[in-house]
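What follows is a single structure, written as structure tokens, with notes after it.
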Amino acid sequence: MKTLFRNATVVNADGSRTADVLICSDKIKLIADHIESPDARVVDCTGLLLFPGAIDAHTHFDLDVANTTTADDFRTGTRAALRGGTTAVVDFACPNKGESLQHGLELWHRKAEGRAACDYGFHMTIDDWNPAIRAELPSMIAQGVTSFKMYLTYPAMMIGDGPVYEALRALRELGAIAGVHCENAGVIDALIADRKAAGELGPASHPRCRPALAEAEAVGRLLKLAALADTPVITVHTTCVPALAEIAAARARGQKVFVETCPQYLLLEDRWYSLPDFEGARYVCAPPLRKPADQAALWRGLAAGEIQTVNTDHCSFTLAQKDMGRGDFTKIPGGLPGVETRFGLMYSYGVAAGRITKEKLAEVLSANNAKLYGLWGRKGAIREGFDADLVLYDPNGEHAIHAAELVTNVDYNPYEGFPVNGSIRQVWLRGRLAVENGEILDDHSGEYLPRALPLL
Ligand code: DUC
Ligand code: ZN
């Protein structure tokens, strides 16, 4: 089966050109100024942008958190991803403390297998550190899990500075990498105790207990641990000016640091936690939303190449689930949906708004994720020999985001009413037309992606 994308603006991280793109079966076969292929189906791309399929390297599907389970599982989550132009996700496998990494990996395979609409891989969470866990790392890598997650907060998952240092050293020896959730757990606990003592139990207290400096302290500490371990590291969901300052200081010392941020930190503000009628609960996530000055710094960091990836931290809960925290903001399950809206939001508020180029969009959604997470060569660019994962974007027109029109399994959307420039016309997954004008045509073709070591 051949398909010819005629007269497309082909957008890659390293440049754009007007070209024809021929795909054959599941691969990109040829890119040239003009291609004749009489037996190919033709898609006229005049006036349209052809992007590489986006990769979302930060999702939490079917995850038990805060006495509940995320609203999106691998079925609904990957359908939403695909509809939003994301052709591959990397989700966080998460064994409980005391369980083996292998147990966690098998559990996540069971959650995903046969349900995925887009391709998927797994990061592995290291929430315990001992010789047995250390001994499992080579086997994880052999099974295609080449990136790991650690937490400097959350008692159920954090492992302490010594173990983080030892794990970073072990990962460096194996050529793997870690992404780390950076917030200072002790400070957060003390601030929560203060708010509870003051009787301030609503969502407005959430950002007050997780200040930017508590994130920056943990980012700075992590980067010093990484320097001691002599390894690159990733700061995930980076949100604020003081955290970026710690990263700049580490880079000035000669360290290699990869930085991820998310649309919510680029577009949403902490003042929304004070909305009446418990509406602030729908924005509870960790780290919390920040201030306009932080958003501006993140956009500048993206444009300047100081931030490498934009992923979603998709961790969705319904309003009924968010309601579990009425009367105690610490019981509001933390996380936002995002996987379905990322592409349109980043195109609109990044490219159309003139903050980043369309090539930068391809870089932070696709190419850099592919390189960092061991998918380059298959994913991340429109190149001959790569998988035919494509997003055909029409930059014309405008629509607004409405939860009711999305397939994400939640009954609200944090971007409700946000105008979006243009729309996704088609999404192709390994040569199959999977989405057209919002309609999902193929939602059973997602495959597990064993991943290579990161290109650092
Ligand atoms: N933050 C969230 O808001 N949800 C999931 C995990 C995380 O770190
Ligand atoms: Zn997360």
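Ligands are numbered from 1 in the order shown, residues from 1 within each chain, and chains are lettered A, B, ... in the order they appear in the structure tokens.
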
Find the residues of chain A that sit at most 10 Å from ligand 1; for each, write down the nearest two atoms and how far apart they are in Å, to one decimal. Count only C-alpha atoms and all ligand atoms. Sort by chain, then by number going up, and give it as a tab-separated table.
residue	atom	partner	partner_atom_place_in_ligand_line	distance
A:His58	CA	ligand 1	6 (C)	9.5
A:Thr59	CA	ligand 1	5 (C)	8.5
A:His60	CA	ligand 1	5 (C)	6.8
A:Phe61	CA	ligand 1	5 (C)	10.0
A:Leu63	CA	ligand 1	5 (C)	8.9
A:Val65	CA	ligand 1	5 (C)	7.9
A:Thr70	CA	ligand 1	5 (C)	9.3
A:Phe92	CA	ligand 1	6 (C)	9.7
A:Tyr151	CA	ligand 1	8 (O)	8.2
A:Thr153	CA	ligand 1	8 (O)	8.9
A:Tyr154	CA	ligand 1	8 (O)	8.7
A:Val180	CA	ligand 1	8 (O)	9.4
A:His181	CA	ligand 1	8 (O)	6.3
A:Cys182	CA	ligand 1	8 (O)	8.9
A:Glu183	CA	ligand 1	8 (O)	9.6
A:Val236	CA	ligand 1	8 (O)	8.7
A:His237	CA	ligand 1	8 (O)	7.9
A:Tyr283	CA	ligand 1	3 (O)	9.0
A:Val284	CA	ligand 1	3 (O)	6.8
A:Cys285	CA	ligand 1	3 (O)	3.3
A:Ala286	CA	ligand 1	3 (O)	3.9
A:Pro287	CA	ligand 1	1 (N)	6.3
A:Pro288	CA	ligand 1	3 (O)	7.5
A:Leu289	CA	ligand 1	3 (O)	9.9
A:Asp313	CA	ligand 1	5 (C)	6.5
A:His314	CA	ligand 1	5 (C)	7.5
A:Cys315	CA	ligand 1	4 (N)	5.4
A:Ser316	CA	ligand 1	4 (N)	8.2
A:Phe317	CA	ligand 1	4 (N)	9.8
A:Pro333	CA	ligand 1	4 (N)	7.7
A:Gly334	CA	ligand 1	3 (O)	4.2
A:Gly335	CA	ligand 1	3 (O)	3.5
A:Leu336	CA	ligand 1	3 (O)	6.6
A:Pro337	CA	ligand 1	4 (N)	9.7

Close residues, stretch 73-80 of chain A itself excluded, 7 Å, only C-alpha atoms, min 5 positions apart in chain, as a PDB file with all heavy atoms, in the first residue's frame:
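In the end it all went to selection_10.pdb:
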ATOM      1  N   PHE A  61      -1.186   6.520  32.443  1.00  0.00           N
ATOM      2  CA  PHE A  61      -2.462   5.856  32.153  1.00  0.00           C
ATOM      3  C   PHE A  61      -2.644   4.712  33.148  1.00  0.00           C
ATOM      4  O   PHE A  61      -1.690   3.999  33.478  1.00  0.00           O
ATOM      5  CB  PHE A  61      -2.483   5.283  30.734  1.00  0.00           C
ATOM      6  CG  PHE A  61      -2.348   6.320  29.633  1.00  0.00           C
ATOM      7  CD1 PHE A  61      -1.707   6.005  28.441  1.00  0.00           C
ATOM      8  CD2 PHE A  61      -2.882   7.597  29.773  1.00  0.00           C
ATOM      9  CE1 PHE A  61      -1.593   6.934  27.416  1.00  0.00           C
ATOM     10  CE2 PHE A  61      -2.776   8.542  28.750  1.00  0.00           C
ATOM     11  CZ  PHE A  61      -2.125   8.202  27.567  1.00  0.00           C
ATOM     12  N   ASP A  62      -3.882   4.525  33.572  1.00  0.00           N
ATOM     13  CA  ASP A  62      -4.226   3.384  34.436  1.00  0.00           C
ATOM     14  C   ASP A  62      -3.311   3.310  35.660  1.00  0.00           C
ATOM     15  O   ASP A  62      -2.808   2.249  36.018  1.00  0.00           O
ATOM     16  CB  ASP A  62      -4.128   2.086  33.615  1.00  0.00           C
ATOM     17  CG  ASP A  62      -4.954   0.954  34.228  1.00  0.00           C
ATOM     18  OD1 ASP A  62      -5.476   1.143  35.344  1.00  0.00           O
ATOM     19  OD2 ASP A  62      -5.057  -0.107  33.591  1.00  0.00           O
ATOM     20  N   LYS A 111      -1.534  -3.915  31.299  1.00  0.00           N
ATOM     21  CA  LYS A 111      -2.461  -2.782  31.206  1.00  0.00           C
ATOM     22  C   LYS A 111      -2.602  -2.303  29.759  1.00  0.00           C
ATOM     23  O   LYS A 111      -3.663  -1.832  29.348  1.00  0.00           O
ATOM     24  CB  LYS A 111      -1.946  -1.601  32.058  1.00  0.00           C
ATOM     25  CG  LYS A 111      -2.053  -1.787  33.570  1.00  0.00           C
ATOM     26  CD  LYS A 111      -1.311  -0.645  34.289  1.00  0.00           C
ATOM     27  CE  LYS A 111      -1.204  -0.878  35.792  1.00  0.00           C
ATOM     28  NZ  LYS A 111      -2.223  -0.206  36.576  1.00  0.00           N
ATOM     29  N   ALA A 112      -1.483  -2.394  28.997  1.00  0.00           N
ATOM     30  CA  ALA A 112      -1.459  -1.773  27.662  1.00  0.00           C
ATOM     31  C   ALA A 112      -1.786  -2.740  26.532  1.00  0.00           C
ATOM     32  O   ALA A 112      -2.376  -2.344  25.522  1.00  0.00           O
ATOM     33  CB  ALA A 112      -0.076  -1.161  27.417  1.00  0.00           C
ATOM     34  N   ARG A 115      -4.739  -2.882  23.868  1.00  0.00           N
ATOM     35  CA  ARG A 115      -5.631  -1.742  24.086  1.00  0.00           C
ATOM     36  C   ARG A 115      -5.168  -0.465  23.403  1.00  0.00           C
ATOM     37  O   ARG A 115      -5.895   0.508  23.349  1.00  0.00           O
ATOM     38  CB  ARG A 115      -5.742  -1.448  25.585  1.00  0.00           C
ATOM     39  CG  ARG A 115      -6.407  -2.542  26.382  1.00  0.00           C
ATOM     40  CD  ARG A 115      -6.895  -2.012  27.724  1.00  0.00           C
ATOM     41  NE  ARG A 115      -7.512  -3.092  28.475  1.00  0.00           N
ATOM     42  CZ  ARG A 115      -6.824  -3.902  29.284  1.00  0.00           C
ATOM     43  NH1 ARG A 115      -5.533  -3.721  29.449  1.00  0.00           N
ATOM     44  NH2 ARG A 115      -7.436  -4.869  29.922  1.00  0.00           N
ATOM     45  N   ALA A 116      -3.922  -0.459  22.917  1.00  0.00           N
ATOM     46  CA  ALA A 116      -3.329   0.821  22.533  1.00  0.00           C
ATOM     47  C   ALA A 116      -3.680   1.227  21.107  1.00  0.00           C
ATOM     48  O   ALA A 116      -3.554   0.452  20.167  1.00  0.00           O
ATOM     49  CB  ALA A 116      -1.818   0.759  22.703  1.00  0.00           C
ATOM     50  N   ALA A 117      -4.077   2.480  20.978  1.00  0.00           N
ATOM     51  CA  ALA A 117      -4.362   3.046  19.664  1.00  0.00           C
ATOM     52  C   ALA A 117      -3.113   3.623  19.021  1.00  0.00           C
ATOM     53  O   ALA A 117      -3.022   3.704  17.797  1.00  0.00           O
ATOM     54  CB  ALA A 117      -5.430   4.132  19.802  1.00  0.00           C
ATOM     55  N   CYS A 118      -2.158   4.061  19.831  1.00  0.00           N
ATOM     56  CA  CYS A 118      -0.881   4.533  19.293  1.00  0.00           C
ATOM     57  C   CYS A 118       0.234   3.673  19.870  1.00  0.00           C
ATOM     58  O   CYS A 118       0.008   2.880  20.792  1.00  0.00           O
ATOM     59  CB  CYS A 118      -0.664   6.017  19.622  1.00  0.00           C
ATOM     60  SG  CYS A 118      -0.349   6.382  21.353  1.00  0.00           S
ATOM     61  N   VAL A 339      -3.094  15.027  26.816  1.00  0.00           N
ATOM     62  CA  VAL A 339      -2.518  14.343  25.667  1.00  0.00           C
ATOM     63  C   VAL A 339      -3.268  14.654  24.363  1.00  0.00           C
ATOM     64  O   VAL A 339      -2.689  14.607  23.279  1.00  0.00           O
ATOM     65  CB  VAL A 339      -2.466  12.824  25.987  1.00  0.00           C
ATOM     66  CG1 VAL A 339      -3.809  12.154  25.789  1.00  0.00           C
ATOM     67  CG2 VAL A 339      -1.391  12.118  25.228  1.00  0.00           C
ATOM     68  N   GLU A 340      -4.529  15.014  24.484  1.00  0.00           N
ATOM     69  CA  GLU A 340      -5.328  15.249  23.276  1.00  0.00           C
ATOM     70  C   GLU A 340      -5.205  16.687  22.770  1.00  0.00           C
ATOM     71  O   GLU A 340      -5.492  16.970  21.601  1.00  0.00           O
ATOM     72  CB  GLU A 340      -6.806  14.924  23.586  1.00  0.00           C
ATOM     73  CG  GLU A 340      -7.689  14.817  22.363  1.00  0.00           C
ATOM     74  CD  GLU A 340      -9.080  14.269  22.698  1.00  0.00           C
ATOM     75  OE1 GLU A 340      -9.314  13.905  23.869  1.00  0.00           O
ATOM     76  OE2 GLU A 340      -9.911  14.214  21.777  1.00  0.00           O
ATOM     77  N   VAL A 407     -12.193  13.039  23.308  1.00  0.00           N
ATOM     78  CA  VAL A 407     -12.409  11.637  23.696  1.00  0.00           C
ATOM     79  C   VAL A 407     -11.679  11.269  24.990  1.00  0.00           C
ATOM     80  O   VAL A 407     -11.862  10.173  25.513  1.00  0.00           O
ATOM     81  CB  VAL A 407     -12.003  10.655  22.567  1.00  0.00           C
ATOM     82  CG1 VAL A 407     -12.810  10.945  21.313  1.00  0.00           C
ATOM     83  CG2 VAL A 407     -10.511  10.698  22.265  1.00  0.00           C
ATOM     84  N   THR A 408     -10.840  12.177  25.501  1.00  0.00           N
ATOM     85  CA  THR A 408     -10.238  11.958  26.813  1.00  0.00           C
ATOM     86  C   THR A 408     -11.355  11.652  27.805  1.00  0.00           C
ATOM     87  O   THR A 408     -12.409  12.288  27.755  1.00  0.00           O
ATOM     88  CB  THR A 408      -9.493  13.242  27.263  1.00  0.00           C
ATOM     89  OG1 THR A 408      -8.619  13.655  26.216  1.00  0.00           O
ATOM     90  CG2 THR A 408      -8.714  13.017  28.524  1.00  0.00           C
ATOM     91  N   ASN A 409     -11.093  10.709  28.717  1.00  0.00           N
ATOM     92  CA  ASN A 409     -12.176  10.206  29.571  1.00  0.00           C
ATOM     93  C   ASN A 409     -12.441  11.085  30.805  1.00  0.00           C
ATOM     94  O   ASN A 409     -12.513  10.584  31.910  1.00  0.00           O
ATOM     95  CB  ASN A 409     -11.827   8.771  30.009  1.00  0.00           C
ATOM     96  CG  ASN A 409     -13.016   8.063  30.608  1.00  0.00           C
ATOM     97  OD1 ASN A 409     -14.148   8.333  30.226  1.00  0.00           O
ATOM     98  ND2 ASN A 409     -12.751   7.173  31.559  1.00  0.00           N
ATOM     99  N   ASP A 443      -8.083   2.370  15.777  1.00  0.00           N
ATOM    100  CA  ASP A 443      -7.609   2.546  17.156  1.00  0.00           C
ATOM    101  C   ASP A 443      -7.135   1.233  17.772  1.00  0.00           C
ATOM    102  O   ASP A 443      -7.161   1.048  18.979  1.00  0.00           O
ATOM    103  CB  ASP A 443      -8.669   3.215  18.040  1.00  0.00           C
ATOM    104  CG  ASP A 443      -9.946   2.402  18.150  1.00  0.00           C
ATOM    105  OD1 ASP A 443      -9.999   1.279  17.601  1.00  0.00           O
ATOM    106  OD2 ASP A 443     -10.894   2.886  18.792  1.00  0.00           O
TER     107      ASP A 443
END

Query raised in the report: Near stretch 361-371 of chain A, counting only C-alpha atoms, which residues have an atom at most 7 Å away, once you skip same-chain residues fewer than 6 positions from it, shown as a ChimeraX atom specification?
Result: /A:11-13,51-55,57,308-310,379-381,454-455

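Ranking A:Asp389, A:His444, A:His399, A:Asn96 by their shortest atom-to-atom distance to A:Cys24, with only C-alpha atoms included, puts A:Asp389 first.
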
Report task. Can you work out the spacing between atom CA of A:Gly446 and atom CA of A:Glu260 in Å, to one decimal? Result -> 24.6 Å

Spatial neighbours of A:Pro155, 10 Å, only C-alpha atoms, chain gap at least 4 places, as a CSV table (one decimal) with C-alpha atoms, in the first residue's frame:
chain,number,residue,atom,x,y,z
A,127,ASP,CA,10.9,3.9,44.0
A,151,TYR,CA,11.0,11.2,42.9
A,159,ILE,CA,14.0,7.1,47.8
A,160,GLY,CA,16.3,9.8,49.4
A,185,ALA,CA,9.3,16.9,50.3

Query raised in the report: Neighbours of A:Ala132 within 12 Å (only C-alpha atoms; same-chain residues fewer than 5 positions away dropped), as number ranges by chain?
Result: A: 98-102, 126, 137-139

Report task. Work out how far atom CA of A:Tyr448 is from atom CA of A:Ala142, in Å to one decimal. Result ->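 Going from atom CA of A:Ala142 over to atom CA of A:Tyr448, I get 13.9 Å.
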
**Report entry** Every residue of stretch 60-190 of chain A that DSSP places in helix (DSSP H, G or I), as number ranges by chain
**Finding:** A: 74-83, 101-112, 131-142, 161-174, 185-190

Requested in this report: Within 10 Å of A:Ala32, counting only C-alpha atoms, which residues show up once you throw out same-chain ones fewer than 5 positions away? Write them as a PyMOL selection string, please.
Outcome: chain A and resi 7+17-22

Requested in this report: Please identify all polymer residues within 6 Å of A:Val427, counting only C-alpha atoms, omitting same-chain residues fewer than 6 positions from it, and present them as a list in words.
Outcome: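 Here the qualifying residues turn out to be Gly85, Leu390, Val391, Ala434 and Val435 of chain A.
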
Would you mind writing down, as a short mmCIF file (atom, residue, chain, number, x, y, z; two decimals) with N, CA, C and O atoms, in the first residue's frame, each residue of stretch 260-444 of chain A that DSSP on the backbone assigns to strand (DSSP E or B)?
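The resulting file, out38.cif, is reproduced below:
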data_model
loop_
_atom_site.label_atom_id
_atom_site.label_comp_id
_atom_site.auth_asym_id
_atom_site.auth_seq_id
_atom_site.Cartn_x
_atom_site.Cartn_y
_atom_site.Cartn_z
N GLU A 260 12.36 19.17 30.52
CA GLU A 260 11.00 18.99 29.99
C GLU A 260 10.09 20.00 30.66
O GLU A 260 10.21 20.26 31.87
N THR A 261 9.18 20.59 29.89
CA THR A 261 8.07 21.30 30.51
C THR A 261 6.78 20.79 29.88
O THR A 261 6.79 19.86 29.07
N GLU A 269 -2.44 29.42 34.93
CA GLU A 269 -1.86 30.22 36.02
C GLU A 269 -2.35 29.81 37.40
O GLU A 269 -3.49 29.36 37.56
N ARG A 290 2.03 27.98 37.87
CA ARG A 290 2.83 29.11 38.38
C ARG A 290 2.29 30.45 37.87
O ARG A 290 1.11 30.56 37.59
N THR A 309 12.08 19.39 25.63
CA THR A 309 10.85 18.67 25.30
C THR A 309 9.62 19.29 25.96
O THR A 309 9.72 19.87 27.05
N VAL A 310 8.48 19.15 25.28
CA VAL A 310 7.18 19.51 25.87
C VAL A 310 6.33 18.25 25.87
O VAL A 310 5.90 17.77 24.81
N HIS A 314 0.13 13.78 31.34
CA HIS A 314 -1.29 13.44 31.32
C HIS A 314 -1.60 12.48 32.47
O HIS A 314 -1.08 11.36 32.54
N LEU A 336 -3.58 16.48 35.47
CA LEU A 336 -4.45 17.09 34.46
C LEU A 336 -4.44 16.24 33.19
O LEU A 336 -3.43 15.61 32.89
N TRP A 376 14.98 7.32 18.00
CA TRP A 376 15.51 7.95 16.78
C TRP A 376 15.92 6.85 15.80
O TRP A 376 16.45 5.82 16.21
N LYS A 379 11.38 6.97 14.84
CA LYS A 379 10.39 8.00 15.14
C LYS A 379 11.08 9.37 15.24
O LYS A 379 12.29 9.44 15.43
N ASP A 387 9.50 5.41 10.45
CA ASP A 387 8.09 5.02 10.45
C ASP A 387 7.23 6.13 9.83
O ASP A 387 7.49 7.32 10.08
N LEU A 390 2.68 10.44 10.82
CA LEU A 390 2.58 11.78 10.25
C LEU A 390 1.36 12.51 10.79
O LEU A 390 0.31 11.90 11.04
N VAL A 391 1.51 13.82 10.93
CA VAL A 391 0.38 14.67 11.31
C VAL A 391 0.22 15.72 10.22
O VAL A 391 1.15 16.50 9.97
N LEU A 392 -0.94 15.72 9.57
CA LEU A 392 -1.22 16.71 8.53
C LEU A 392 -2.02 17.83 9.19
O LEU A 392 -3.16 17.60 9.63
N TYR A 393 -1.40 19.00 9.29
CA TYR A 393 -2.00 20.10 10.05
C TYR A 393 -2.43 21.21 9.10
O TYR A 393 -1.66 21.68 8.27
N ASP A 394 -3.68 21.63 9.26
CA ASP A 394 -4.21 22.74 8.48
C ASP A 394 -4.10 23.99 9.34
O ASP A 394 -4.78 24.11 10.35
N PRO A 395 -3.24 24.93 8.95
CA PRO A 395 -3.04 26.10 9.81
C PRO A 395 -4.17 27.12 9.72
O PRO A 395 -4.16 28.10 10.48
N ASN A 396 -5.12 26.89 8.85
CA ASN A 396 -6.21 27.86 8.66
C ASN A 396 -7.35 27.60 9.63
O ASN A 396 -7.54 26.48 10.09
N GLY A 397 -8.11 28.64 9.88
CA GLY A 397 -9.31 28.51 10.70
C GLY A 397 -9.00 28.55 12.19
O GLY A 397 -7.84 28.60 12.61
N GLU A 398 -10.05 28.55 12.97
CA GLU A 398 -9.91 28.61 14.43
C GLU A 398 -11.07 27.85 15.05
O GLU A 398 -12.17 27.88 14.53
N HIS A 399 -10.81 27.17 16.14
CA HIS A 399 -11.90 26.56 16.89
C HIS A 399 -11.56 26.67 18.37
O HIS A 399 -10.44 27.07 18.72
N ALA A 400 -12.51 26.34 19.21
CA ALA A 400 -12.24 26.42 20.66
C ALA A 400 -12.25 25.01 21.24
O ALA A 400 -12.94 24.11 20.74
N PRO A 419 -9.12 29.30 22.44
CA PRO A 419 -9.10 29.23 20.98
C PRO A 419 -7.84 28.51 20.48
O PRO A 419 -6.77 28.63 21.08
N VAL A 420 -8.02 27.76 19.40
CA VAL A 420 -6.90 27.03 18.78
C VAL A 420 -6.84 27.42 17.31
O VAL A 420 -7.85 27.43 16.61
N ASN A 421 -5.64 27.76 16.85
CA ASN A 421 -5.43 28.10 15.44
C ASN A 421 -5.23 26.82 14.64
O ASN A 421 -4.32 26.05 14.93
N GLY A 422 -6.05 26.66 13.62
CA GLY A 422 -5.88 25.51 12.73
C GLY A 422 -6.39 24.23 13.36
O GLY A 422 -6.99 24.24 14.45
N SER A 423 -6.17 23.14 12.65
CA SER A 423 -6.67 21.86 13.15
C SER A 423 -5.90 20.70 12.52
O SER A 423 -5.29 20.84 11.46
N ILE A 424 -5.99 19.57 13.20
CA ILE A 424 -5.36 18.35 12.68
C ILE A 424 -6.29 17.74 11.63
O ILE A 424 -7.42 17.39 11.95
N ARG A 425 -5.81 17.67 10.40
CA ARG A 425 -6.62 17.06 9.33
C ARG A 425 -6.53 15.55 9.38
O ARG A 425 -7.52 14.84 9.29
N GLN A 426 -5.30 15.05 9.47
CA GLN A 426 -5.09 13.60 9.45
C GLN A 426 -3.95 13.21 10.39
O GLN A 426 -3.01 13.98 10.58
N VAL A 427 -4.06 12.01 10.93
CA VAL A 427 -2.95 11.42 11.68
C VAL A 427 -2.70 10.03 11.09
O VAL A 427 -3.64 9.24 10.94
N TRP A 428 -1.45 9.76 10.77
CA TRP A 428 -1.06 8.47 10.21
C TRP A 428 -0.16 7.76 11.19
O TRP A 428 0.80 8.33 11.70
N LEU A 429 -0.48 6.52 11.47
CA LEU A 429 0.36 5.70 12.36
C LEU A 429 0.96 4.56 11.55
O LEU A 429 0.22 3.70 11.04
N ARG A 432 -0.80 3.87 8.35
CA ARG A 432 -2.26 3.68 8.34
C ARG A 432 -2.92 4.99 8.72
O ARG A 432 -2.51 5.64 9.68
N LEU A 433 -3.95 5.35 7.96
CA LEU A 433 -4.71 6.56 8.28
C LEU A 433 -5.52 6.27 9.54
O LEU A 433 -6.47 5.49 9.52
N ALA A 434 -5.15 6.89 10.64
CA ALA A 434 -5.75 6.56 11.93
C ALA A 434 -6.79 7.57 12.38
O ALA A 434 -7.73 7.23 13.11
N VAL A 435 -6.63 8.82 11.96
CA VAL A 435 -7.57 9.88 12.36
C VAL A 435 -7.77 10.80 11.16
O VAL A 435 -6.81 11.16 10.48
N GLU A 436 -9.02 11.17 10.89
CA GLU A 436 -9.30 12.15 9.84
C GLU A 436 -10.36 13.12 10.34
O GLU A 436 -11.44 12.71 10.75
N GLU A 439 -12.15 12.30 13.47
CA GLU A 439 -12.76 10.96 13.59
C GLU A 439 -11.66 9.89 13.67
O GLU A 439 -10.76 9.86 12.82
N ILE A 440 -11.76 9.04 14.66
CA ILE A 440 -10.76 7.98 14.81
C ILE A 440 -11.16 6.81 13.92
O ILE A 440 -12.23 6.24 14.08
#

Report task. Using atom CA of A:Leu168 and atom CA of A:Val187 as the two end points, give the distance in Å to one decimal. Result ->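 It comes out at 23.8 Å.
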
Report task. Tell me which of A:Arg6, A:Ala93, A:Ala212, A:Asp442 sits closest to ligand 2, counting only C-alpha atoms and all ligand atoms. Result -> A:Ala93

Query - Counting only C-alpha atoms, the option among A:His402, A:Leu456, A:Val219, A:Ser205 closest to A:Arg271 - result: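 Between A:His402, A:Leu456, A:Val219, A:Ser205, the residue approaching A:Arg271 most closely is A:Ser205.
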
Requested in this report: Go through A:Cys45, A:Cys94, A:Ala8, A:Ala176 one by one, measure the shortest atom-to-atom distance of each to ligand 2 using only C-alpha atoms and all ligand atoms, and give the residue with the smallest value.
Outcome: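 Between A:Cys45, A:Cys94, A:Ala8, A:Ala176, the residue approaching ligand 2 most closely is A:Cys94.
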
Query raised in the report: Between A:Ala88, A:Cys262, A:Ala214, A:Leu298, which has the minimum distance to ligand 2 (counting only C-alpha atoms and all ligand atoms)?
Result: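 Going through A:Ala88, A:Cys262, A:Ala214, A:Leu298 one by one, the smallest distance to ligand 2 is for A:Cys262.
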